>>> print(open('entry29.cif').read())   # mmCIF, C-alpha atoms and all ligand atoms
data_coords
loop_
_atom_site.group_PDB
_atom_site.id
_atom_site.type_symbol
_atom_site.label_atom_id
_atom_site.label_comp_id
_atom_site.auth_asym_id
_atom_site.auth_seq_id
_atom_site.Cartn_x
_atom_site.Cartn_y
_atom_site.Cartn_z
ATOM 1 C CA MET A 1 -1.347 25.368 -11.537
ATOM 2 C CA THR A 2 -4.460 23.947 -9.873
ATOM 3 C CA THR A 3 -7.848 23.468 -11.500
ATOM 4 C CA PRO A 4 -10.771 21.386 -10.186
ATOM 5 C CA ALA A 5 -9.991 18.718 -12.816
ATOM 6 C CA LEU A 6 -6.279 18.534 -11.900
ATOM 7 C CA ASP A 7 -7.122 18.480 -8.164
ATOM 8 C CA THR A 8 -9.478 15.567 -8.794
ATOM 9 C CA LEU A 9 -6.790 13.692 -10.768
ATOM 10 C CA ARG A 10 -4.098 14.407 -8.130
ATOM 11 C CA LEU A 11 -6.206 13.282 -5.144
ATOM 12 C CA SER A 12 -7.751 10.338 -7.007
ATOM 13 C CA LEU A 13 -4.290 8.975 -7.916
ATOM 14 C CA HIS A 14 -3.050 9.539 -4.342
ATOM 15 C CA VAL A 15 -6.080 7.796 -2.797
ATOM 16 C CA LEU A 16 -6.028 4.975 -5.398
ATOM 17 C CA ALA A 17 -2.398 4.233 -4.542
ATOM 18 C CA ALA A 18 -3.291 4.349 -0.808
ATOM 19 C CA THR A 19 -6.038 1.754 -1.380
ATOM 20 C CA VAL A 20 -3.445 -0.595 -2.900
ATOM 21 C CA TRP A 21 -0.678 0.041 -0.318
ATOM 22 C CA VAL A 22 -2.875 0.104 2.817
ATOM 23 C CA GLY A 23 -5.947 -1.859 1.700
ATOM 24 C CA GLY A 24 -3.813 -4.590 0.138
ATOM 25 C CA GLN A 25 -1.940 -5.118 3.417
ATOM 26 C CA LEU A 26 -5.156 -5.310 5.437
ATOM 27 C CA THR A 27 -6.728 -7.717 2.931
ATOM 28 C CA ILE A 28 -3.712 -10.029 2.935
ATOM 29 C CA ALA A 29 -3.594 -9.979 6.752
ATOM 30 C CA GLY A 30 -7.280 -10.892 6.835
ATOM 31 C CA LEU A 31 -6.792 -13.767 4.369
ATOM 32 C CA LEU A 32 -3.657 -15.168 6.016
ATOM 33 C CA SER A 33 -5.249 -18.112 7.857
ATOM 34 C CA THR A 34 -7.053 -19.197 4.641
ATOM 35 C CA LEU A 35 -3.819 -18.784 2.661
ATOM 36 C CA ARG A 36 -1.904 -20.999 5.106
ATOM 37 C CA ARG A 37 -4.443 -23.779 4.542
ATOM 38 C CA LEU A 38 -3.600 -23.678 0.795
ATOM 39 C CA GLY A 39 -0.020 -24.757 1.540
ATOM 40 C CA PRO A 40 3.122 -23.658 3.392
ATOM 41 C CA GLU A 41 4.435 -21.721 0.366
ATOM 42 C CA ALA A 42 1.178 -19.905 -0.393
ATOM 43 C CA PRO A 43 1.675 -16.879 1.937
ATOM 44 C CA LYS A 44 5.221 -16.366 0.583
ATOM 45 C CA SER A 45 4.077 -16.553 -3.065
ATOM 46 C CA LEU A 46 1.258 -14.106 -2.433
ATOM 47 C CA ALA A 47 3.585 -11.746 -0.532
ATOM 48 C CA ARG A 48 5.965 -11.713 -3.526
ATOM 49 C CA ALA A 49 3.112 -11.067 -5.950
ATOM 50 C CA PHE A 50 1.756 -8.295 -3.705
ATOM 51 C CA ALA A 51 5.196 -6.651 -3.580
ATOM 52 C CA ARG A 52 5.025 -6.207 -7.370
ATOM 53 C CA LEU A 53 1.881 -4.105 -6.843
ATOM 54 C CA SER A 54 2.606 -2.452 -3.504
ATOM 55 C CA TRP A 55 6.029 -0.921 -4.271
ATOM 56 C CA PRO A 56 4.767 0.818 -7.455
ATOM 57 C CA ALA A 57 1.802 2.045 -5.338
ATOM 58 C CA TYR A 58 4.258 3.395 -2.728
ATOM 59 C CA ALA A 59 6.157 5.203 -5.497
ATOM 60 C CA VAL A 60 2.877 6.718 -6.770
ATOM 61 C CA LEU A 61 2.074 7.828 -3.179
ATOM 62 C CA VAL A 62 5.421 9.618 -2.866
ATOM 63 C CA LEU A 63 5.152 11.249 -6.322
ATOM 64 C CA THR A 64 1.528 12.351 -5.878
ATOM 65 C CA GLY A 65 2.384 13.352 -2.275
ATOM 66 C CA LEU A 66 5.012 15.744 -3.675
ATOM 67 C CA TRP A 67 2.386 16.943 -6.186
ATOM 68 C CA ASN A 68 -0.019 17.523 -3.225
ATOM 69 C CA ILE A 69 2.598 19.668 -1.478
ATOM 70 C CA GLN A 70 3.207 21.709 -4.620
ATOM 71 C CA ALA A 71 -0.568 22.219 -5.065
ATOM 72 C CA VAL A 72 -1.418 22.996 -1.428
ATOM 73 C CA HIS A 73 1.422 25.531 -0.793
ATOM 74 C CA PRO A 74 2.509 24.578 2.769
ATOM 75 C CA SER A 75 3.759 28.143 3.454
ATOM 76 C CA THR A 76 0.133 29.352 3.274
ATOM 77 C CA GLN A 77 -1.044 26.695 5.791
ATOM 78 C CA ASP A 78 -1.046 27.078 9.592
ATOM 79 C CA THR A 79 1.730 25.756 11.843
ATOM 80 C CA LEU A 80 -0.269 22.702 12.957
ATOM 81 C CA TRP A 81 -0.832 21.660 9.327
ATOM 82 C CA GLN A 82 2.876 22.089 8.568
ATOM 83 C CA ALA A 83 3.841 20.058 11.650
ATOM 84 C CA LEU A 84 1.396 17.285 10.730
ATOM 85 C CA LEU A 85 2.838 17.188 7.203
ATOM 86 C CA GLY A 86 6.339 16.730 8.694
ATOM 87 C CA VAL A 87 5.041 13.918 10.918
ATOM 88 C CA LYS A 88 3.323 12.316 7.925
ATOM 89 C CA VAL A 89 6.453 12.360 5.762
ATOM 90 C CA GLY A 90 8.384 10.712 8.632
ATOM 91 C CA VAL A 91 5.655 8.102 9.139
ATOM 92 C CA VAL A 92 5.608 7.311 5.390
ATOM 93 C CA ALA A 93 9.396 6.818 5.451
ATOM 94 C CA LEU A 94 9.021 4.481 8.465
ATOM 95 C CA ALA A 95 6.282 2.530 6.629
ATOM 96 C CA GLY A 96 8.612 2.027 3.655
ATOM 97 C CA LEU A 97 11.501 0.985 5.918
ATOM 98 C CA ALA A 98 9.286 -1.413 7.897
ATOM 99 C CA ALA A 99 7.936 -2.968 4.669
ATOM 100 C CA TRP A 100 11.486 -3.498 3.384
ATOM 101 C CA LEU A 101 12.575 -5.072 6.704
ATOM 102 C CA HIS A 102 9.397 -7.214 6.661
ATOM 103 C CA SER A 103 10.332 -8.539 3.217
ATOM 104 C CA ARG A 104 13.867 -9.385 4.430
ATOM 105 C CA ALA A 105 12.892 -10.890 7.808
ATOM 106 C CA ARG A 106 13.475 -14.648 8.091
ATOM 107 C CA THR A 107 12.104 -15.539 11.569
ATOM 108 C CA PRO A 108 8.330 -15.782 12.227
ATOM 109 C CA GLY A 109 8.663 -13.169 14.991
ATOM 110 C CA GLY A 110 10.544 -10.758 12.733
ATOM 111 C CA ILE A 111 8.078 -11.235 9.878
ATOM 112 C CA ALA A 112 5.110 -10.620 12.215
ATOM 113 C CA ALA A 113 6.673 -7.621 13.996
ATOM 114 C CA TRP A 114 7.754 -5.816 10.808
ATOM 115 C CA GLY A 115 4.433 -6.660 9.150
ATOM 116 C CA ALA A 116 2.541 -5.128 12.064
ATOM 117 C CA ALA A 117 4.839 -2.062 12.039
ATOM 118 C CA THR A 118 4.220 -1.628 8.293
ATOM 119 C CA GLY A 119 0.448 -1.856 8.745
ATOM 120 C CA LEU A 120 0.313 0.549 11.702
ATOM 121 C CA THR A 121 2.545 3.204 10.142
ATOM 122 C CA SER A 122 0.645 2.918 6.834
ATOM 123 C CA LEU A 123 -2.691 3.383 8.622
ATOM 124 C CA ALA A 124 -1.234 6.356 10.519
ATOM 125 C CA ALA A 125 -0.147 7.907 7.176
ATOM 126 C CA LEU A 126 -3.658 7.394 5.799
ATOM 127 C CA VAL A 127 -5.326 9.090 8.800
ATOM 128 C CA LEU A 128 -2.797 11.964 8.721
ATOM 129 C CA GLY A 129 -3.543 12.381 5.004
ATOM 130 C CA VAL A 130 -7.268 12.694 5.695
ATOM 131 C CA VAL A 131 -6.534 15.281 8.430
ATOM 132 C CA LEU A 132 -4.278 17.251 6.044
ATOM 133 C CA ALA A 133 -6.917 17.215 3.302
ATOM 134 C CA GLY A 134 -9.385 18.619 5.861
HETATM 135 C C1 LIG B 1 1.812 5.463 2.901
HETATM 136 C C2 LIG B 1 1.792 6.565 2.165
HETATM 137 C C3 LIG B 1 0.622 7.527 2.101
HETATM 138 C C4 LIG B 1 -0.716 7.332 2.359
HETATM 139 C C5 LIG B 1 -1.399 6.033 2.804
HETATM 140 C C6 LIG B 1 -1.394 8.595 2.120
HETATM 141 C C7 LIG B 1 -2.768 8.809 2.235
HETATM 142 C C8 LIG B 1 -3.414 10.006 2.041
HETATM 143 C C9 LIG B 1 -4.837 10.208 2.089
HETATM 144 C C10 LIG B 1 -5.886 9.098 2.330
HETATM 145 C C11 LIG B 1 -5.076 11.529 1.884
HETATM 146 C C12 LIG B 1 -6.436 12.223 1.919
HETATM 147 C C13 LIG B 1 -6.957 12.494 0.528
HETATM 148 C C14 LIG B 1 -8.357 13.088 0.596
HETATM 149 O O1 LIG B 1 -9.040 12.991 1.626
HETATM 150 O O2 LIG B 1 -8.789 13.672 -0.418
HETATM 151 C C15 LIG B 1 -3.793 12.197 1.703
HETATM 152 C C16 LIG B 1 -3.616 13.565 1.512
HETATM 153 C C17 LIG B 1 -2.381 14.199 1.435
HETATM 154 N N1 LIG B 1 -1.147 13.581 1.369
HETATM 155 FE FE1 LIG B 1 -0.800 11.568 1.496
HETATM 156 N N2 LIG B 1 -0.454 9.543 1.736
HETATM 157 C C18 LIG B 1 0.788 8.940 1.701
HETATM 158 C C19 LIG B 1 1.984 9.530 1.317
HETATM 159 C C20 LIG B 1 2.187 10.896 1.198
HETATM 160 C C21 LIG B 1 3.467 11.530 0.986
HETATM 161 C C22 LIG B 1 4.795 10.773 0.810
HETATM 162 C C23 LIG B 1 3.238 12.885 0.972
HETATM 163 C C24 LIG B 1 4.222 14.007 0.792
HETATM 164 C C25 LIG B 1 5.412 13.879 0.225
HETATM 165 C C26 LIG B 1 1.818 13.108 1.160
HETATM 166 C C27 LIG B 1 1.194 14.343 1.216
HETATM 167 C C28 LIG B 1 -0.170 14.556 1.316
HETATM 168 C C29 LIG B 1 -0.810 15.876 1.351
HETATM 169 C C30 LIG B 1 -0.087 17.226 1.299
HETATM 170 C C31 LIG B 1 -2.194 15.648 1.409
HETATM 171 C C32 LIG B 1 -3.304 16.734 1.394
HETATM 172 C C33 LIG B 1 -3.666 17.000 -0.048
HETATM 173 C C34 LIG B 1 -4.732 18.085 -0.224
HETATM 174 O O3 LIG B 1 -5.268 18.609 0.760
HETATM 175 O O4 LIG B 1 -5.033 18.417 -1.387
HETATM 176 N N3 LIG B 1 1.211 11.880 1.273
HETATM 177 N N4 LIG B 1 -2.792 11.243 1.800
#
>>> encode(input="entry29.cif", output="structure tokens")
Amino acid sequence: MTTPALDTLRLSLHVLAATVWVGGQLTIAGLLSTLRRLGPEAPKSLARAFARLSWPAYAVLVLTGLWNIQAVHPSTQDTLWQALLGVKVGVVALAGLAAWLHSRARTPGGIAAWGAATGLTSLAALVLGVVLAG
């Protein structure tokens, strides 16, 4: 069932979760040099605190993403839309994998590389979402 009110709720929850998952990463990246000046443990503490917000946001993105699919009826969309949805689902999975590897990385290079991969794939998912929503 779709009504204007339910559509608003569905997309608002999806976009709100995207602001936390994507916007939170960009904000932390932008604050990193200031954080480092607060002490060597500060970036790690903030990363742990952010994980307590970002993983629930990722779960909300997946759940509301499934709700989007149910509401939008992919079989009624054109082939390009369906292909882009497939790409988006893959990119979202890569973002989750990269974020998990980022949290487990122990070398500065590994932390930076998986952090960058998480940010880029998350941004790609955001742009693909905007394209899908039209
Ligand atoms: C990192 C994870 C994700 C991000 C950042 C993200 C972001 C977005 C954004 C910004 C929109 C546009 C909303 C609008 O303009 O109104 C959107 C739409 C959409 N997303 Fe996602 N999304 C994510 C995960 C998912 C997942 C896992 C699925 C599917 C399982 C999904 C399926 C969709 C669909 C089908 C739309 C179009 C909805 C419509 O037209 O009503 N998304 N997404």
>>> residues_near_ligand(input="entry29.cif", ligand="ligand LIG 1 (chain B)", cutoff="6 Å", atoms="all atoms listed in the file", output="PyMOL selection string")
chain A and resi 11+15+18+61-62+65-66+68-69+72+89+92+122+125-126+129-130+132-133
>>> residues_around(input="entry29.cif", residues="A:Leu101", least_positions_apart="2", cutoff="10 Å", atoms="only C-alpha atoms", output="list of chain:residue names")
A:Ala95, A:Gly96, A:Leu97, A:Ala98, A:Ala99, A:Ser103, A:Arg104, A:Ala105, A:Arg106, A:Gly110, A:Ile111, A:Ala113, A:Trp114, A:Gly115, A:Ala117, A:Thr118
>>> atom_distance(input="entry29.cif", atom1="atom CA of A:Leu63", atom2="atom CA of A:Ala17")
10.5 Å
>>> closest_atom_pairs(input="entry29.cif", of="stretch 50-107 of chain A", to="stretch 27-36 of chain A", cutoff="12 Å", atoms="only C-alpha atoms", output="tab-separated table")
residue	atom	partner	partner_atom	distance
A:Phe50	CA	A:Ile28	CA	8.8
A:Ala51	CA	A:Ile28	CA	11.5
A:Ser54	CA	A:Ile28	CA	11.8
>>> closest_residue(input="entry29.cif", among="A:Ala112, A:Leu128, A:Thr64, A:Ala71", to="A:Gly90", atoms="all atoms listed in the file")
A:Leu128
>>> atom_distance(input="entry29.cif", atom1="atom CA of A:Val91", atom2="atom CA of A:Thr121")
5.9 Å
>>> decode(input="entry29.cif", residues="stretch 52-79 of chain A", atoms="N, CA, C and O atoms", output="PDB file, in the first residue's frame")
ATOM      1  N   ARG A  52      28.343   3.345  16.982  1.00  0.00           N
ATOM      2  CA  ARG A  52      27.079   3.041  17.674  1.00  0.00           C
ATOM      3  C   ARG A  52      25.891   3.752  17.027  1.00  0.00           C
ATOM      4  O   ARG A  52      24.746   3.383  17.248  1.00  0.00           O
ATOM      5  N   LEU A  53      26.184   4.806  16.246  1.00  0.00           N
ATOM      6  CA  LEU A  53      25.113   5.488  15.502  1.00  0.00           C
ATOM      7  C   LEU A  53      25.046   4.997  14.061  1.00  0.00           C
ATOM      8  O   LEU A  53      23.958   4.859  13.483  1.00  0.00           O
ATOM      9  N   SER A  54      26.233   4.778  13.457  1.00  0.00           N
ATOM     10  CA  SER A  54      26.255   4.518  12.015  1.00  0.00           C
ATOM     11  C   SER A  54      25.721   3.134  11.646  1.00  0.00           C
ATOM     12  O   SER A  54      25.024   2.989  10.637  1.00  0.00           O
ATOM     13  N   TRP A  55      26.015   2.099  12.477  1.00  0.00           N
ATOM     14  CA  TRP A  55      25.514   0.764  12.114  1.00  0.00           C
ATOM     15  C   TRP A  55      23.992   0.677  12.231  1.00  0.00           C
ATOM     16  O   TRP A  55      23.337   0.110  11.325  1.00  0.00           O
ATOM     17  N   PRO A  56      23.358   1.261  13.285  1.00  0.00           N
ATOM     18  CA  PRO A  56      21.888   1.302  13.264  1.00  0.00           C
ATOM     19  C   PRO A  56      21.361   2.070  12.042  1.00  0.00           C
ATOM     20  O   PRO A  56      20.353   1.676  11.444  1.00  0.00           O
ATOM     21  N   ALA A  57      22.066   3.159  11.646  1.00  0.00           N
ATOM     22  CA  ALA A  57      21.624   3.915  10.458  1.00  0.00           C
ATOM     23  C   ALA A  57      21.717   3.037   9.206  1.00  0.00           C
ATOM     24  O   ALA A  57      20.833   3.067   8.339  1.00  0.00           O
ATOM     25  N   TYR A  58      22.785   2.233   9.115  1.00  0.00           N
ATOM     26  CA  TYR A  58      22.949   1.330   7.962  1.00  0.00           C
ATOM     27  C   TYR A  58      21.800   0.311   7.935  1.00  0.00           C
ATOM     28  O   TYR A  58      21.234   0.023   6.874  1.00  0.00           O
ATOM     29  N   ALA A  59      21.451  -0.200   9.130  1.00  0.00           N
ATOM     30  CA  ALA A  59      20.334  -1.156   9.196  1.00  0.00           C
ATOM     31  C   ALA A  59      19.026  -0.487   8.749  1.00  0.00           C
ATOM     32  O   ALA A  59      18.233  -1.092   8.005  1.00  0.00           O
ATOM     33  N   VAL A  60      18.818   0.767   9.169  1.00  0.00           N
ATOM     34  CA  VAL A  60      17.596   1.486   8.747  1.00  0.00           C
ATOM     35  C   VAL A  60      17.616   1.694   7.227  1.00  0.00           C
ATOM     36  O   VAL A  60      16.579   1.560   6.553  1.00  0.00           O
ATOM     37  N   LEU A  61      18.811   1.976   6.657  1.00  0.00           N
ATOM     38  CA  LEU A  61      18.910   2.146   5.196  1.00  0.00           C
ATOM     39  C   LEU A  61      18.507   0.866   4.472  1.00  0.00           C
ATOM     40  O   LEU A  61      17.784   0.910   3.467  1.00  0.00           O
ATOM     41  N   VAL A  62      18.994  -0.274   4.969  1.00  0.00           N
ATOM     42  CA  VAL A  62      18.659  -1.547   4.297  1.00  0.00           C
ATOM     43  C   VAL A  62      17.154  -1.832   4.437  1.00  0.00           C
ATOM     44  O   VAL A  62      16.481  -2.176   3.463  1.00  0.00           O
ATOM     45  N   LEU A  63      16.620  -1.644   5.648  1.00  0.00           N
ATOM     46  CA  LEU A  63      15.186  -1.945   5.863  1.00  0.00           C
ATOM     47  C   LEU A  63      14.294  -1.008   5.055  1.00  0.00           C
ATOM     48  O   LEU A  63      13.347  -1.447   4.385  1.00  0.00           O
ATOM     49  N   THR A  64      14.605   0.303   5.086  1.00  0.00           N
ATOM     50  CA  THR A  64      13.767   1.240   4.318  1.00  0.00           C
ATOM     51  C   THR A  64      14.056   1.092   2.819  1.00  0.00           C
ATOM     52  O   THR A  64      13.184   1.373   1.996  1.00  0.00           O
ATOM     53  N   GLY A  65      15.282   0.624   2.475  1.00  0.00           N
ATOM     54  CA  GLY A  65      15.583   0.342   1.060  1.00  0.00           C
ATOM     55  C   GLY A  65      14.686  -0.780   0.547  1.00  0.00           C
ATOM     56  O   GLY A  65      14.134  -0.705  -0.561  1.00  0.00           O
ATOM     57  N   LEU A  66      14.513  -1.829   1.376  1.00  0.00           N
ATOM     58  CA  LEU A  66      13.613  -2.929   0.986  1.00  0.00           C
ATOM     59  C   LEU A  66      12.168  -2.408   0.879  1.00  0.00           C
ATOM     60  O   LEU A  66      11.410  -2.793  -0.025  1.00  0.00           O
ATOM     61  N   TRP A  67      11.815  -1.516   1.811  1.00  0.00           N
ATOM     62  CA  TRP A  67      10.469  -0.894   1.772  1.00  0.00           C
ATOM     63  C   TRP A  67      10.331  -0.083   0.461  1.00  0.00           C
ATOM     64  O   TRP A  67       9.284  -0.159  -0.214  1.00  0.00           O
ATOM     65  N   ASN A  68      11.388   0.658   0.078  1.00  0.00           N
ATOM     66  CA  ASN A  68      11.357   1.413  -1.190  1.00  0.00           C
ATOM     67  C   ASN A  68      11.049   0.480  -2.371  1.00  0.00           C
ATOM     68  O   ASN A  68      10.211   0.779  -3.220  1.00  0.00           O
ATOM     69  N   ILE A  69      11.766  -0.663  -2.385  1.00  0.00           N
ATOM     70  CA  ILE A  69      11.591  -1.599  -3.508  1.00  0.00           C
ATOM     71  C   ILE A  69      10.154  -2.098  -3.556  1.00  0.00           C
ATOM     72  O   ILE A  69       9.521  -2.147  -4.623  1.00  0.00           O
ATOM     73  N   GLN A  70       9.620  -2.438  -2.372  1.00  0.00           N
ATOM     74  CA  GLN A  70       8.245  -2.936  -2.318  1.00  0.00           C
ATOM     75  C   GLN A  70       7.257  -1.863  -2.795  1.00  0.00           C
ATOM     76  O   GLN A  70       6.277  -2.154  -3.465  1.00  0.00           O
ATOM     77  N   ALA A  71       7.562  -0.580  -2.483  1.00  0.00           N
ATOM     78  CA  ALA A  71       6.643   0.510  -2.833  1.00  0.00           C
ATOM     79  C   ALA A  71       6.751   0.912  -4.295  1.00  0.00           C
ATOM     80  O   ALA A  71       5.772   1.340  -4.910  1.00  0.00           O
ATOM     81  N   VAL A  72       7.963   0.772  -4.871  1.00  0.00           N
ATOM     82  CA  VAL A  72       8.214   1.311  -6.215  1.00  0.00           C
ATOM     83  C   VAL A  72       7.919   0.279  -7.315  1.00  0.00           C
ATOM     84  O   VAL A  72       7.776   0.650  -8.484  1.00  0.00           O
ATOM     85  N   HIS A  73       7.785  -1.012  -6.945  1.00  0.00           N
ATOM     86  CA  HIS A  73       7.506  -2.088  -7.901  1.00  0.00           C
ATOM     87  C   HIS A  73       8.518  -2.108  -9.050  1.00  0.00           C
ATOM     88  O   HIS A  73       8.222  -1.628 -10.148  1.00  0.00           O
ATOM     89  N   PRO A  74       9.727  -2.654  -8.821  1.00  0.00           N
ATOM     90  CA  PRO A  74      10.764  -2.657  -9.861  1.00  0.00           C
ATOM     91  C   PRO A  74      10.295  -3.237 -11.197  1.00  0.00           C
ATOM     92  O   PRO A  74      10.759  -2.795 -12.251  1.00  0.00           O
ATOM     93  N   SER A  75       9.359  -4.205 -11.182  1.00  0.00           N
ATOM     94  CA  SER A  75       8.946  -4.821 -12.459  1.00  0.00           C
ATOM     95  C   SER A  75       8.226  -3.818 -13.359  1.00  0.00           C
ATOM     96  O   SER A  75       8.124  -4.030 -14.564  1.00  0.00           O
ATOM     97  N   THR A  76       7.727  -2.716 -12.777  1.00  0.00           N
ATOM     98  CA  THR A  76       7.047  -1.700 -13.597  1.00  0.00           C
ATOM     99  C   THR A  76       8.029  -0.606 -14.056  1.00  0.00           C
ATOM    100  O   THR A  76       7.629   0.315 -14.778  1.00  0.00           O
ATOM    101  N   GLN A  77       9.297  -0.699 -13.633  1.00  0.00           N
ATOM    102  CA  GLN A  77      10.294   0.319 -14.002  1.00  0.00           C
ATOM    103  C   GLN A  77      11.057  -0.139 -15.246  1.00  0.00           C
ATOM    104  O   GLN A  77      11.057  -1.326 -15.579  1.00  0.00           O
ATOM    105  N   ASP A  78      11.731   0.822 -15.927  1.00  0.00           N
ATOM    106  CA  ASP A  78      12.468   0.429 -17.141  1.00  0.00           C
ATOM    107  C   ASP A  78      13.776  -0.309 -16.783  1.00  0.00           C
ATOM    108  O   ASP A  78      14.176  -0.376 -15.620  1.00  0.00           O
ATOM    109  N   THR A  79      14.393  -0.876 -17.844  1.00  0.00           N
ATOM    110  CA  THR A  79      15.570  -1.729 -17.630  1.00  0.00           C
ATOM    111  C   THR A  79      16.721  -0.952 -16.991  1.00  0.00           C
ATOM    112  O   THR A  79      17.445  -1.498 -16.149  1.00  0.00           O
TER     113      THR A  79
END
